[in-house]
$ cat work.txt   # compact mmCIF, C-alpha atoms
# COMPACT_ATOMS: atom_id res chain seq x y z
CA MET B 27 115.87 107.96 125.04
CA THR B 28 118.00 109.63 122.34
CA TYR B 29 117.79 110.07 118.58
CA ILE B 30 120.02 107.07 117.96
CA ASP B 31 117.91 104.91 120.28
CA HIS B 32 114.91 105.35 117.97
CA ILE B 33 116.94 104.24 114.96
CA ARG B 34 118.38 101.24 116.75
CA ALA B 35 114.93 100.18 117.99
CA LEU B 36 113.67 99.94 114.40
CA ASN B 37 116.75 98.13 113.11
CA CYS B 38 116.91 95.10 115.35
CA TRP B 39 116.10 91.56 114.23
CA ASN B 40 117.57 88.05 114.27
CA PRO B 41 117.28 86.09 110.99
CA GLU B 42 117.42 82.84 112.97
CA ASN B 43 113.92 83.59 114.23
CA PHE B 44 112.51 83.48 110.70
CA LEU B 45 112.26 81.43 107.54
CA PRO B 46 112.46 82.98 104.06
CA PHE B 47 109.14 83.38 102.28
CA VAL B 48 109.80 82.51 98.64
CA VAL B 49 107.61 83.12 95.59
CA ASP B 50 108.69 81.82 92.18
CA GLY B 51 112.32 81.51 93.28
CA THR B 52 112.55 84.98 94.85
CA ARG B 53 112.59 85.74 98.56
CA MET B 54 109.70 88.09 99.24
CA GLY B 55 109.64 88.12 103.04
CA TRP B 56 110.40 86.44 106.36
CA ILE B 57 108.05 84.30 108.45
CA ARG B 58 108.33 83.25 112.09
CA HIS B 59 108.71 79.49 112.63
CA ARG B 60 105.42 79.13 114.50
CA PHE B 61 103.43 80.88 111.80
CA ALA B 62 105.24 78.80 109.18
CA SER B 63 103.97 75.65 110.85
CA GLN B 64 100.41 77.01 110.72
CA LEU B 65 100.77 77.79 107.02
CA GLY B 66 101.99 74.23 106.52
CA ASP B 67 98.42 73.08 107.18
CA PHE B 68 97.54 74.44 103.72
CA PRO B 69 99.92 72.62 101.33
CA ASP B 70 97.88 73.57 98.28
CA CYS B 71 99.06 77.12 98.95
CA PHE B 72 102.17 76.93 101.14
CA ILE B 73 104.93 74.32 101.16
CA THR B 74 106.97 74.57 104.34
CA SER B 75 110.29 73.01 105.31
CA SER B 76 113.04 73.62 107.83
CA ARG B 77 114.64 76.01 105.36
CA GLN B 78 111.83 78.08 103.85
CA VAL B 79 108.15 78.75 103.26
CA LEU B 80 107.42 78.36 99.58
CA LEU B 81 104.30 79.59 97.82
CA ASN B 82 103.13 76.51 95.94
CA PRO B 83 104.76 76.71 92.46
CA GLU B 84 101.56 75.35 90.92
CA LEU B 85 99.98 78.73 91.66
CA LYS B 86 100.77 80.75 88.55
CA GLY B 87 100.16 84.43 88.03
CA PHE B 88 99.02 87.35 90.15
CA GLU B 89 95.31 86.49 90.33
CA SER B 90 95.57 82.80 91.21
CA ARG B 91 98.23 83.44 93.86
CA SER B 92 96.28 86.30 95.42
CA GLU B 93 93.03 84.32 95.51
CA ALA B 94 94.67 81.24 97.03
CA VAL B 95 96.43 83.22 99.76
CA ALA B 96 93.26 85.20 100.51
CA ALA B 97 91.31 81.98 101.03
CA VAL B 98 93.92 80.71 103.51
CA LEU B 99 93.99 84.00 105.37
CA GLU B 100 90.21 83.92 105.80
CA ARG B 101 90.53 80.52 107.46
CA LEU B 102 93.39 81.70 109.66
CA ALA B 103 91.50 84.86 110.65
CA GLU B 104 88.55 82.72 111.74
CA SER B 105 90.84 80.68 113.99
CA GLY B 106 92.61 83.73 115.39
CA ALA B 107 95.99 82.81 113.90
CA VAL B 108 96.05 86.19 112.13
CA ARG B 109 94.47 89.48 113.03
CA PRO B 110 91.07 90.41 111.57
CA LEU B 111 91.58 91.26 107.93
CA LEU B 112 91.33 94.90 106.85
CA GLY B 113 90.39 94.54 103.19
CA GLU B 114 93.21 96.88 102.17
CA MET B 115 95.56 95.07 99.82
CA PHE B 116 99.33 95.55 99.71
CA PRO B 117 101.62 94.34 96.91
CA VAL B 118 104.10 91.51 97.44
CA LEU B 119 107.22 92.41 95.49
CA SER B 120 110.97 92.15 95.87
CA GLU B 121 111.72 95.72 94.84
CA PHE B 122 109.74 98.93 94.44
CA GLY B 123 108.66 99.47 90.86
CA LYS B 124 108.62 95.78 89.94
CA ALA B 125 105.43 93.91 89.14
CA ALA B 126 103.76 92.43 92.21
CA ALA B 127 103.79 88.64 92.46
CA LEU B 128 100.50 88.80 94.36
CA GLN B 129 98.61 91.04 96.75
CA ILE B 130 98.00 90.41 100.44
CA ASP B 131 95.85 91.93 103.17
CA ARG B 132 97.56 94.72 105.07
CA ALA B 133 96.71 93.08 108.40
CA VAL B 134 99.23 90.28 107.78
CA VAL B 135 102.06 92.19 106.13
CA SER B 136 104.31 91.88 109.19
CA GLN B 137 103.47 88.19 109.64
CA PHE B 138 104.83 87.53 106.17
CA GLY B 139 107.68 90.01 106.66
CA ILE B 140 107.18 91.46 103.19
CA ARG B 141 108.55 94.82 102.17
CA ALA B 142 105.84 97.42 102.79
CA PHE B 143 105.85 100.97 101.49
CA GLY B 144 104.37 104.13 102.96
CA GLN B 145 104.42 107.91 102.72
CA HIS B 146 104.98 110.52 105.44
CA LEU B 147 104.52 114.26 104.98
CA ASN B 148 106.37 116.83 107.08
CA GLY B 149 103.89 119.72 107.06
CA TYR B 150 105.67 122.80 108.39
CA VAL B 151 105.06 126.52 108.62
CA GLN B 152 107.51 129.42 108.64
CA THR B 153 106.10 131.92 111.15
CA GLY B 154 107.37 135.11 112.72
CA ASP B 155 108.20 133.00 115.76
CA GLY B 156 110.25 130.52 113.75
CA LEU B 157 109.77 127.16 112.10
CA MET B 158 106.77 125.14 113.29
CA MET B 159 105.39 121.73 112.34
CA TRP B 160 101.84 120.41 112.31
CA ILE B 161 101.61 117.31 114.49
CA ALA B 162 98.66 114.94 114.71
CA ARG B 163 97.55 112.92 117.71
CA ARG B 164 96.11 109.59 116.67
CA ALA B 165 92.54 108.82 117.71
CA SER B 166 92.11 106.73 120.85
CA ASP B 167 90.22 103.99 118.96
CA ARG B 168 93.06 103.21 116.51
CA ARG B 169 94.13 99.57 116.44
CA ALA B 170 97.76 100.63 116.05
CA PHE B 171 99.35 103.18 118.40
CA PRO B 172 96.22 104.87 119.77
CA ASP B 173 96.76 108.38 121.21
CA ARG B 174 100.36 108.53 119.98
CA LEU B 175 101.73 111.52 118.09
CA ASP B 176 101.94 111.23 114.32
CA HIS B 177 102.75 113.19 111.19
CA LEU B 178 100.23 115.60 109.70
CA VAL B 179 99.78 113.05 106.90
CA ALA B 180 101.07 109.48 106.86
CA GLY B 181 99.83 106.25 105.36
CA GLY B 182 100.67 102.97 103.69
CA LEU B 183 100.90 102.52 99.93
CA PRO B 184 98.29 99.98 98.77
CA HIS B 185 98.50 97.91 95.62
CA ALA B 186 97.83 99.53 92.22
CA ILE B 187 97.99 103.20 93.20
CA SER B 188 100.78 105.64 92.37
CA LEU B 189 102.74 107.63 94.92
CA SER B 190 101.22 110.93 93.77
CA GLU B 191 97.66 109.56 93.79
CA ASN B 192 98.04 108.01 97.22
CA LEU B 193 99.63 111.12 98.73
CA ALA B 194 96.79 113.28 97.43
CA LYS B 195 94.25 110.81 98.87
CA GLU B 196 95.95 110.71 102.28
CA CYS B 197 96.23 114.51 102.39
CA ARG B 198 92.53 114.83 101.64
CA GLU B 199 91.43 112.18 104.15
CA GLU B 200 93.76 112.95 107.03
CA ALA B 201 94.11 116.73 106.83
CA ASP B 202 91.33 117.95 104.49
CA MET B 203 94.07 119.42 102.31
CA PRO B 204 93.17 120.72 98.84
CA GLN B 205 94.72 118.78 95.97
CA GLN B 206 96.53 121.85 94.65
CA LEU B 207 98.25 122.37 98.00
CA ALA B 208 99.09 118.68 98.39
CA ALA B 209 100.64 118.70 94.91
CA ALA B 210 103.24 121.22 96.15
CA ALA B 211 104.75 118.61 98.48
CA LYS B 212 108.42 118.03 97.70
CA ALA B 213 109.74 114.46 97.51
CA VAL B 214 112.92 114.45 99.60
CA GLY B 215 113.98 110.79 99.58
CA ALA B 216 113.11 107.62 101.41
CA ILE B 217 114.18 105.87 104.58
CA SER B 218 114.07 102.17 105.43
CA TYR B 219 114.14 100.01 108.52
CA CYS B 220 113.67 96.39 109.56
CA CYS B 221 112.69 95.24 113.05
CA GLU B 222 111.08 92.33 114.83
CA VAL B 223 107.56 92.82 116.16
CA GLU B 224 105.34 90.49 118.13
CA ARG B 225 103.80 88.74 115.15
CA GLY B 226 106.62 89.02 112.65
CA LEU B 227 108.87 91.52 110.93
CA ARG B 228 108.37 95.16 109.93
CA ASN B 229 110.42 95.58 106.77
CA ASP B 230 109.44 99.04 105.60
CA THR B 231 110.38 101.81 103.21
CA ILE B 232 108.89 105.26 103.81
CA PHE B 233 108.85 107.87 101.06
CA CYS B 234 109.31 111.26 102.72
CA TYR B 235 107.89 114.63 101.69
CA ASP B 236 108.30 118.21 102.88
CA LEU B 237 105.49 120.71 102.43
CA LEU B 238 105.81 124.37 103.41
CA LEU B 239 102.26 125.31 104.38
CA PRO B 240 100.66 128.74 104.47
CA GLU B 241 100.01 130.09 107.96
CA ALA B 242 96.29 130.22 107.18
CA PHE B 243 96.05 126.46 106.62
CA ILE B 244 94.28 124.57 109.43
CA PRO B 245 94.11 120.76 109.09
CA ASN B 246 90.93 118.82 109.66
CA CYS B 247 90.78 115.02 109.78
CA THR B 248 87.95 113.53 107.73
CA ASP B 249 88.56 109.79 108.16
CA GLY B 250 88.63 109.41 111.95
CA GLU B 251 92.30 108.48 112.26
CA VAL B 252 93.31 111.69 114.06
CA GLY B 253 91.91 112.98 117.32
CA SER B 254 93.53 116.42 117.23
CA PHE B 255 96.23 118.56 115.62
CA GLU B 256 98.78 120.91 117.14
CA LEU B 257 101.12 123.39 115.47
CA MET B 258 104.37 122.89 117.42
CA PRO B 259 107.63 124.82 117.37
CA ILE B 260 110.21 122.59 115.71
CA GLU B 261 112.31 122.77 118.89
CA LYS B 262 109.46 121.17 120.82
CA VAL B 263 109.07 118.47 118.17
CA ALA B 264 112.80 117.73 118.37
CA GLU B 265 112.66 117.63 122.17
CA ILE B 266 109.80 115.12 122.16
CA VAL B 267 111.65 112.86 119.73
CA ARG B 268 114.93 113.17 121.59
CA HIS B 269 113.59 112.40 125.06
CA SER B 270 110.44 110.27 124.69
CA ASP B 271 108.49 107.67 122.76
CA GLU B 272 105.37 109.82 122.34
CA PHE B 273 105.51 109.57 118.55
CA LYS B 274 104.51 106.50 116.57
CA PRO B 275 107.90 104.76 116.17
CA ASN B 276 108.53 105.27 112.46
CA CYS B 277 107.62 108.96 112.74
CA ASN B 278 110.71 109.45 114.88
CA LEU B 279 112.92 108.38 111.99
CA VAL B 280 111.19 110.64 109.47
CA ILE B 281 111.47 113.61 111.84
CA ILE B 282 115.15 112.87 112.53
CA ASP B 283 115.66 112.87 108.76
CA PHE B 284 113.89 116.26 108.54
CA LEU B 285 116.04 117.70 111.34
CA LEU B 286 119.22 116.48 109.64
CA ARG B 287 118.29 117.81 106.21
CA HIS B 288 117.29 121.22 107.59
CA GLY B 289 120.43 121.58 109.68
CA LEU B 290 118.50 121.34 112.94
CA ILE B 291 120.75 118.50 114.08
CA SER B 292 124.18 120.03 113.58
CA SER B 293 127.17 118.25 112.07
CA SER B 294 128.83 118.54 115.49
CA HIS B 295 126.22 116.26 117.10
CA LYS B 296 128.04 113.22 118.50
CA HIS B 297 125.83 110.79 116.58
CA HIS B 298 125.48 112.81 113.36
CA ALA B 299 127.16 110.24 111.10
CA LEU B 300 125.41 107.30 112.79
CA LEU B 301 122.04 108.99 112.42
CA SER B 302 122.54 109.58 108.71
CA GLU B 303 123.75 106.05 108.09
CA GLY B 304 121.09 104.44 110.30
CA LEU B 305 118.17 105.91 108.38
CA GLY B 306 118.93 103.72 105.37
CA ARG B 307 118.22 106.64 103.06
CA LEU B 308 117.29 105.83 99.48
CA PRO B 309 116.73 108.03 96.41
CA GLN B 310 113.14 109.19 96.02
CA ASN B 311 111.02 107.32 93.50
CA LYS B 312 108.79 109.62 91.48
$ encode --input "work.txt" --output "C-alpha cells"
Amino acid sequence: MTYIDHIRALNCWNPENFLPFVVDGTRMGWIRHRFASQLGDFPDCFITSSRQVLLNPELKGFESRSEAVAAVLERLAESGAVRPLLGEMFPVLSEFGKAAALQIDRAVVSQFGIRAFGQHLNGYVQTGDGLMMWIARRASDRRAFPDRLDHLVAGGLPHAISLSENLAKECREEADMPQQLAAAAKAVGAISYCCEVERGLRNDTIFCYDLLLPEAFIPNCTDGEVGSFELMPIEKVAEIVRHSDEFKPNCNLVIIDFLLRHGLISSSHKHHALLSEGLGRLPQNK
C-alpha cells in the first residue's frame, strides 16, 4: 500500500457498467444495469431504456419529484432492493451551488451515482514535540466502516444546509467542539473522486478544512459515531496512510492533501505530481 494506491482505488470505474440517470435533460448520476431494471418496474417515476434511466418528465418541480422517488424507495426498501432508508436527505444536482432537482435519501446515493458532498476537518495541534493530529476511531456499531480510523470531524452535506452551518453541527456532534472554535476552521479547498462500489458509484466532492487546535482541547463524541480519539504525531498518521488501509478510504485522500499542502510530502517524492493531480482538487466554495 502506498499513497498513490489510495488515490487509484478511489478513482476506478467503468462507464459501461452503468446507465446515465437523467433529470429534465441533465445527467445527474449513474445507475447499474440491474438496479435500472428494478426501477423500470415503476414507470410513473422512472422510464428506463438501454441507453438511460430517465426520471419521468411528467414529474415537475422539486416537491413532486422528491415525493415520487421517496414512494418508490420505500417500496424498494421493503423488498430489500435498497438498503434501509436513513431519513437524511441529500440534494440531487449537477453542480454545487445550483438548485437541487430533487432530494433523495442518503442510503441510496451511491445506487443512483449522484454527486454527493461532504466536509472533513483536519484538527491538528502544534506541540513541543512537533505537529500532531487528532484521529477518531469509528464506533464498532457503524453501518459503514466500523472500527476504522477517521478524521476528528467528517460528515456528509445534507440538503438545505450551508457549509458553515453543517460544519458547526458536525463539530458539535462529533467532537463536542464549541462553535467559536469551529468557526476558526480554515477552508483549504476541495478534493473529488469517483469509484465503483458494490451497489453503485461513489461520486464525491469533499470540502477540506484545517483547524489549529489549542493543546488544552480534548474532543468528546456526543452522537455515538466515534468510539475513541487519539492525538497522533503527524509522522505516525502519515505512516498509517502510507502502509495500510486502517483509515476510512476517503480520509486517506484528505490526509494526503494535508501532507502535500504542509510540505510533509516533499516535492522530491516520486509520486508528488501524480498525487497532486489525482486528488482532483477544486477551489473551496464558501
$ closest_residue --input "work.txt" --among "B:Asp70, B:Arg225, B:Gln78, B:Gly87" --to "Ala133 in chain B" --atoms "all atoms listed in the file"
B:Arg225
$ closest_atom_pairs --input "work.txt" --of "range 207-301 of chain B" --to "range 145-148 of chain B" --cutoff "7 Å" --atoms "only C-alpha atoms" --output "JSON lines"
{"residue": "B:Ile232", "atom": "CA", "partner": "B:Gln145", "partner_atom": "CA", "distance": 5.3}
{"residue": "B:Phe233", "atom": "CA", "partner": "B:Gln145", "partner_atom": "CA", "distance": 4.7}
{"residue": "B:Cys234", "atom": "CA", "partner": "B:His146", "partner_atom": "CA", "distance": 5.2}
{"residue": "B:Tyr235", "atom": "CA", "partner": "B:Leu147", "partner_atom": "CA", "distance": 4.7}
{"residue": "B:Asp236", "atom": "CA", "partner": "B:Asn148", "partner_atom": "CA", "distance": 4.8}
{"residue": "B:Leu237", "atom": "CA", "partner": "B:Asn148", "partner_atom": "CA", "distance": 6.1}
$ residues_around --input "work.txt" --residues "His177 in chain B" --least-positions-apart "4" --cutoff "12 Å" --atoms "all atoms listed in the file" --output "PDB file with C-alpha atoms, in the frame of the given file"
ATOM      1  CA  GLN B 145     104.420 107.910 102.720  1.00  0.00           C
ATOM      2  CA  HIS B 146     104.980 110.520 105.440  1.00  0.00           C
ATOM      3  CA  LEU B 147     104.520 114.260 104.980  1.00  0.00           C
ATOM      4  CA  ASN B 148     106.370 116.830 107.080  1.00  0.00           C
ATOM      5  CA  GLY B 149     103.890 119.720 107.060  1.00  0.00           C
ATOM      6  CA  TYR B 150     105.670 122.800 108.390  1.00  0.00           C
ATOM      7  CA  MET B 159     105.390 121.730 112.340  1.00  0.00           C
ATOM      8  CA  TRP B 160     101.840 120.410 112.310  1.00  0.00           C
ATOM      9  CA  ILE B 161     101.610 117.310 114.490  1.00  0.00           C
ATOM     10  CA  ALA B 162      98.660 114.940 114.710  1.00  0.00           C
ATOM     11  CA  ARG B 163      97.550 112.920 117.710  1.00  0.00           C
ATOM     12  CA  ARG B 164      96.110 109.590 116.670  1.00  0.00           C
ATOM     13  CA  GLY B 181      99.830 106.250 105.360  1.00  0.00           C
ATOM     14  CA  GLU B 196      95.950 110.710 102.280  1.00  0.00           C
ATOM     15  CA  CYS B 197      96.230 114.510 102.390  1.00  0.00           C
ATOM     16  CA  GLU B 200      93.760 112.950 107.030  1.00  0.00           C
ATOM     17  CA  ALA B 201      94.110 116.730 106.830  1.00  0.00           C
ATOM     18  CA  CYS B 234     109.310 111.260 102.720  1.00  0.00           C
ATOM     19  CA  TYR B 235     107.890 114.630 101.690  1.00  0.00           C
ATOM     20  CA  ASP B 236     108.300 118.210 102.880  1.00  0.00           C
ATOM     21  CA  LEU B 237     105.490 120.710 102.430  1.00  0.00           C
ATOM     22  CA  PRO B 245      94.110 120.760 109.090  1.00  0.00           C
ATOM     23  CA  GLU B 251      92.300 108.480 112.260  1.00  0.00           C
ATOM     24  CA  VAL B 252      93.310 111.690 114.060  1.00  0.00           C
ATOM     25  CA  SER B 254      93.530 116.420 117.230  1.00  0.00           C
ATOM     26  CA  PHE B 255      96.230 118.560 115.620  1.00  0.00           C
ATOM     27  CA  GLU B 256      98.780 120.910 117.140  1.00  0.00           C
ATOM     28  CA  LEU B 257     101.120 123.390 115.470  1.00  0.00           C
ATOM     29  CA  MET B 258     104.370 122.890 117.420  1.00  0.00           C
ATOM     30  CA  VAL B 263     109.070 118.470 118.170  1.00  0.00           C
ATOM     31  CA  GLU B 272     105.370 109.820 122.340  1.00  0.00           C
ATOM     32  CA  PHE B 273     105.510 109.570 118.550  1.00  0.00           C
ATOM     33  CA  LYS B 274     104.510 106.500 116.570  1.00  0.00           C
ATOM     34  CA  PRO B 275     107.900 104.760 116.170  1.00  0.00           C
ATOM     35  CA  ASN B 276     108.530 105.270 112.460  1.00  0.00           C
ATOM     36  CA  CYS B 277     107.620 108.960 112.740  1.00  0.00           C
ATOM     37  CA  ASN B 278     110.710 109.450 114.880  1.00  0.00           C
ATOM     38  CA  LEU B 279     112.920 108.380 111.990  1.00  0.00           C
ATOM     39  CA  VAL B 280     111.190 110.640 109.470  1.00  0.00           C
ATOM     40  CA  ILE B 281     111.470 113.610 111.840  1.00  0.00           C
ATOM     41  CA  PHE B 284     113.890 116.260 108.540  1.00  0.00           C
TER      42      PHE B 284
END
$ atom_distance --input "work.txt" --atom1 "CA of Ile140 in chain B" --atom2 "CA of Glu222 in chain B"
12.3 Å
$ closest_residue --input "work.txt" --among "B:Ala209, B:Ile244, B:Leu111, B:Ile291" --to "Glu265 in chain B" --atoms "all atoms listed in the file"
B:Ile291
$ residues_around --input "work.txt" --residues "Leu301 in chain B" --least-positions-apart "5" --cutoff "8 Å" --atoms "only C-alpha atoms" --output "count of residues only"
4
$ atom_distance --input "work.txt" --atom1 "CA of Asp271 in chain B" --atom2 "CA of Pro172 in chain B"
12.9 Å
$ residues_around --input "work.txt" --residues "Trp56 in chain B" --least-positions-apart "5" --cutoff "8 Å" --atoms "all atoms listed in the file" --output "MDAnalysis selection string"
chainID B and resid 44:47 137:140 226:227
$ atom_distance --input "work.txt" --atom1 "CA of Thr74 in chain B" --atom2 "CA of Val48 in chain B"
10.2 Å
$ closest_residue --input "work.txt" --among "B:Ser294, B:Gln129, B:Thr52, B:Thr28" --to "His185 in chain B" --atoms "all atoms listed in the file"
B:Gln129
